[in-house]
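Data first, discussion second: the structure below is written as structure tokens.
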Amino acid sequence: MYRPDSMMEVALEVEPSSSSGTLDIDQQISPTPSFIIPLSLIIFTLGLTFQSRSIRISYFIALLSTSYLTIFRSSTGIPPLNYAYATALGCLTFQALDFLVLTNPYSELHIVGDEKNISEKPFSTRFLWAWKLVLSPRGIGWSHEPKDILPPHPKAQSRVSFISSQFLSTIPWIFIGDAANLALRSHPGFQLNGPSISNVGPFMRILNVWIFALPGAATLQLQYKMFSIIATAAGFYRPEDWRAVWQIERCIHYTSILGTNMASNHETLGFRSRKHRCAALSESEAGNKNVPFIKCVTTRFNIGISGVIAAGKRLGIRAGSYLRILGYIWTLVWFAIALPIWLDPYFHDGMATSEGLSVIGALWKRDWTGSSVNLSLPLSY
């Protein structure tokens, strides 16, 4: 039997096989089909048109398989787009698990004010009913809509007035999201193979939280507002159906360390938590092996905060403005400490490398992509 005389010969022998293994793995990754999101929505909606639980489960399995193959066996070649596909499909899968498997939609869910037995209606009516249910993850306008924990319904008004106000309210969010996105793309810690976002001063670590959160928050706001304009103009919904995406107190889960407004927000926070869990799926592509650790720490943090709140109530401590401010500060500090563990792997994998549309870049540098804008950030502070 041949025995190599040096470690160099061992390395030379091992290298071809490992390289071949890498090629085999790469060959298993297929291009992500551009139609996969519409296809998944149709599978979900069609599944809801059947009363039989076993048939609905078969549609869920089809959707789950589609999501798995897309997230783990395909790639667009663009990390941010991969993340978007994984987030959308992951969330849709959790929603489908609820409506197709765990719930009997025909006996438990109905549109408010519409008590008719949808199961007796023709297929086209059931399909439209199911389509509305799929597009209502918070249950607004449905029998399962949370009553006290969502932002209030807007006041009754004409469609023209509502559409005008929604359109005007998109303008500040365009500039807020654009400014935060330019700051993110100017931050070395959010770049491909960059340093950790924790390698900055304490003030900048707090600012990192806003730089990361605001582009996503602005995108959600703009998508929601534009969809509300289109759907209301088309007559599918009334102006008073469009509750706000969130309120700032509900966006921060623990607005007061000892307050009563805990994370009991079943739909708003539950929907967001599903999105965070779905986002964790795409982190496998970025090689983020810290996800189990993050889940473990976050779970224990939630349990700990719940215990502190319960103890404060027993001591007769009531939420006030000073505790609310302390809650805001504590939330920012917590995210400043925890975010680098979560964000470093996939931002360093190229999450911020794609060019977007920048109104500020166009007005300032005549550059619609904003690629020529480089903001000076106080990284050492």
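Note on naming: chains are A, B, ... as they come in the structure tokens, residues start from 1 per chain, ligands start from 1 in the order shown.
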> Would you give me, as a ChimeraX atom specification, the residues in region 47-206 of chain A that DSSP reads as alpha helix (DSSP H)?
Replying inline: /A:47-48,53-73,79-96,105-108,123-134,159-186,202-206
How would the residues just chosen look if you wrote them out with C-alpha atoms as a CSV table (one decimal), in the first residue's frame?
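Written file, out-v1.csv:
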```csv
chain,number,residue,atom,x,y,z
A,47,GLY,CA,-56.1,24.1,-1.4
A,48,LEU,CA,-58.5,26.4,0.6
A,53,ARG,CA,-58.8,18.2,5.3
A,54,SER,CA,-56.9,15.3,3.7
A,55,ILE,CA,-57.0,17.2,0.3
A,56,ARG,CA,-56.0,20.4,2.0
A,57,ILE,CA,-53.1,18.6,3.6
A,58,SER,CA,-51.9,17.3,0.2
A,59,TYR,CA,-51.9,20.9,-1.1
A,60,PHE,CA,-49.9,21.9,2.0
A,61,ILE,CA,-47.3,19.2,1.3
A,62,ALA,CA,-47.1,20.5,-2.3
A,63,LEU,CA,-46.5,24.0,-1.0
A,64,LEU,CA,-44.0,22.8,1.6
A,65,SER,CA,-42.1,20.9,-1.1
A,66,THR,CA,-42.1,23.9,-3.4
A,67,SER,CA,-40.8,26.1,-0.6
A,68,TYR,CA,-38.1,23.6,0.4
A,69,LEU,CA,-36.8,23.1,-3.1
A,70,THR,CA,-36.7,26.9,-3.8
A,71,ILE,CA,-35.0,27.9,-0.5
A,72,PHE,CA,-32.5,25.0,-0.2
A,73,ARG,CA,-32.0,23.8,-3.8
A,79,PRO,CA,-28.1,37.2,-2.1
A,80,PRO,CA,-30.7,39.9,-1.3
A,81,LEU,CA,-33.1,38.3,-3.8
A,82,ASN,CA,-32.5,34.8,-2.3
A,83,TYR,CA,-33.3,36.3,1.1
A,84,ALA,CA,-36.5,37.8,-0.3
A,85,TYR,CA,-37.6,34.5,-1.8
A,86,ALA,CA,-36.8,32.6,1.4
A,87,THR,CA,-38.7,35.1,3.6
A,88,ALA,CA,-41.8,35.2,1.4
A,89,LEU,CA,-42.0,31.4,0.9
A,90,GLY,CA,-41.2,30.6,4.5
A,91,CYS,CA,-43.9,32.9,5.8
A,92,LEU,CA,-46.4,31.6,3.3
A,93,THR,CA,-45.7,28.1,4.4
A,94,PHE,CA,-46.3,28.9,8.1
A,95,GLN,CA,-49.6,30.6,7.1
A,96,ALA,CA,-50.6,27.6,5.0
A,105,PRO,CA,-61.5,27.4,7.5
A,106,TYR,CA,-65.1,26.6,6.5
A,107,SER,CA,-66.4,26.3,10.1
A,108,GLU,CA,-64.0,28.7,11.9
A,123,PHE,CA,-65.9,27.1,-7.2
A,124,SER,CA,-65.3,30.7,-8.4
A,125,THR,CA,-66.9,32.2,-5.3
A,126,ARG,CA,-64.9,29.9,-3.0
A,127,PHE,CA,-61.7,30.8,-4.9
A,128,LEU,CA,-62.2,34.5,-4.4
A,129,TRP,CA,-63.1,33.9,-0.7
A,130,ALA,CA,-59.9,31.9,-0.3
A,131,TRP,CA,-57.8,34.5,-2.2
A,132,LYS,CA,-59.0,37.2,0.3
A,133,LEU,CA,-58.1,34.9,3.2
A,134,VAL,CA,-54.6,34.3,1.9
A,159,ARG,CA,-62.2,56.6,-1.6
A,160,VAL,CA,-60.7,59.7,-3.2
A,161,SER,CA,-59.9,61.2,0.2
A,162,PHE,CA,-58.3,57.9,1.4
A,163,ILE,CA,-56.3,57.4,-1.8
A,164,SER,CA,-55.0,60.9,-1.7
A,165,SER,CA,-53.9,60.7,2.0
A,166,GLN,CA,-52.3,57.3,1.4
A,167,PHE,CA,-50.4,58.6,-1.5
A,168,LEU,CA,-49.1,61.7,0.3
A,169,SER,CA,-48.1,59.6,3.3
A,170,THR,CA,-45.8,57.5,1.1
A,171,ILE,CA,-43.5,60.6,0.4
A,172,PRO,CA,-41.8,60.8,3.8
A,173,TRP,CA,-41.3,57.0,3.9
A,174,ILE,CA,-39.6,57.2,0.5
A,175,PHE,CA,-37.0,59.6,1.9
A,176,ILE,CA,-36.7,57.8,5.2
A,177,GLY,CA,-36.0,54.5,3.6
A,178,ASP,CA,-33.7,56.0,1.0
A,179,ALA,CA,-31.6,57.8,3.6
A,180,ALA,CA,-31.3,54.7,5.8
A,181,ASN,CA,-30.4,52.5,2.8
A,182,LEU,CA,-27.7,54.9,1.7
A,183,ALA,CA,-26.3,54.9,5.2
A,184,LEU,CA,-26.4,51.1,5.2
A,185,ARG,CA,-24.5,51.0,1.9
A,186,SER,CA,-22.0,53.5,3.2
A,202,PRO,CA,-21.2,52.7,21.4
A,203,PHE,CA,-23.2,55.4,19.8
A,204,MET,CA,-22.8,53.9,16.4
A,205,ARG,CA,-23.9,50.5,17.7
A,206,ILE,CA,-27.2,52.1,18.6
```
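If you count only C-alpha atoms and ignore residues fewer than 2 places along the chain from Val209 (chain A), what sits within 8 Å of it is A:Arg205, A:Ile206, A:Leu207, A:Ile211, A:Phe212, A:Ala213, A:Leu332, A:Phe335, A:Ala336, A:Leu339.
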>> Just want the 12 Å neighbourhood of Gly235 (chain A), counted on only C-alpha atoms, with same-chain residues fewer than 4 positions away dropped. Output as a PyMOL selection string.
In response: chain A and resi 158-160+163+228-231+239+241
Based on the selection just made, write N, CA, C and O atoms of those residues as a compact mmCIF listing (two decimals), in the first residue's frame.
```txt
# COMPACT_ATOMS: atom_id res chain seq x y z
N SER A 158 -64.29 59.04 2.02
CA SER A 158 -64.47 58.70 0.61
C SER A 158 -63.22 58.01 0.08
O SER A 158 -62.12 58.17 0.62
N ARG A 159 -63.39 57.26 -0.98
CA ARG A 159 -62.25 56.58 -1.58
C ARG A 159 -61.21 57.58 -2.10
O ARG A 159 -60.00 57.36 -1.96
N VAL A 160 -61.66 58.67 -2.68
CA VAL A 160 -60.73 59.68 -3.21
C VAL A 160 -59.90 60.28 -2.08
O VAL A 160 -58.68 60.44 -2.21
N ILE A 163 -57.38 57.57 -0.81
CA ILE A 163 -56.28 57.35 -1.76
C ILE A 163 -55.32 58.53 -1.76
O ILE A 163 -54.09 58.36 -1.79
N SER A 228 -52.85 49.23 -0.74
CA SER A 228 -54.14 49.76 -0.26
C SER A 228 -54.74 50.73 -1.27
O SER A 228 -55.96 50.76 -1.48
N ILE A 229 -53.90 51.51 -1.94
CA ILE A 229 -54.38 52.44 -2.96
C ILE A 229 -54.99 51.67 -4.13
O ILE A 229 -56.10 51.97 -4.60
N ILE A 230 -54.27 50.65 -4.61
CA ILE A 230 -54.73 49.88 -5.78
C ILE A 230 -56.01 49.11 -5.44
O ILE A 230 -56.99 49.14 -6.20
N ALA A 231 -56.01 48.42 -4.28
CA ALA A 231 -57.16 47.59 -3.92
C ALA A 231 -58.40 48.42 -3.62
O ALA A 231 -59.52 48.03 -3.96
N PRO A 239 -62.08 52.07 2.52
CA PRO A 239 -61.01 52.80 3.21
C PRO A 239 -60.84 52.41 4.67
O PRO A 239 -59.72 52.32 5.18
N ASP A 241 -61.14 49.63 6.01
CA ASP A 241 -60.58 48.28 6.20
C ASP A 241 -59.07 48.31 6.42
O ASP A 241 -58.50 47.31 6.87
```
Test item: residues at most 12 Å from Asn193 (chain A), only C-alpha atoms, excluding those fewer than 6 positions along its chain, as a short mmCIF file (atom, residue, chain, number, x, y, z; two decimals) with C-alpha atoms, in the first residue's frame:
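Below you can see selection20.cif, which holds the result:
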```cif
data_model
loop_
_atom_site.label_atom_id
_atom_site.label_comp_id
_atom_site.auth_asym_id
_atom_site.auth_seq_id
_atom_site.Cartn_x
_atom_site.Cartn_y
_atom_site.Cartn_z
CA ALA A 286 -24.99 32.60 4.28
CA ASP A 344 -22.79 39.81 10.26
CA PRO A 345 -22.96 36.45 8.41
CA TYR A 346 -25.47 37.29 5.73
CA PHE A 347 -24.50 40.93 5.16
CA HIS A 348 -20.92 39.77 4.72
CA ASP A 349 -22.32 37.29 2.19
CA GLY A 350 -23.43 40.22 0.01
CA MET A 351 -26.89 41.23 1.22
CA ALA A 352 -26.23 44.93 0.49
CA THR A 353 -24.43 44.58 -2.83
#
```
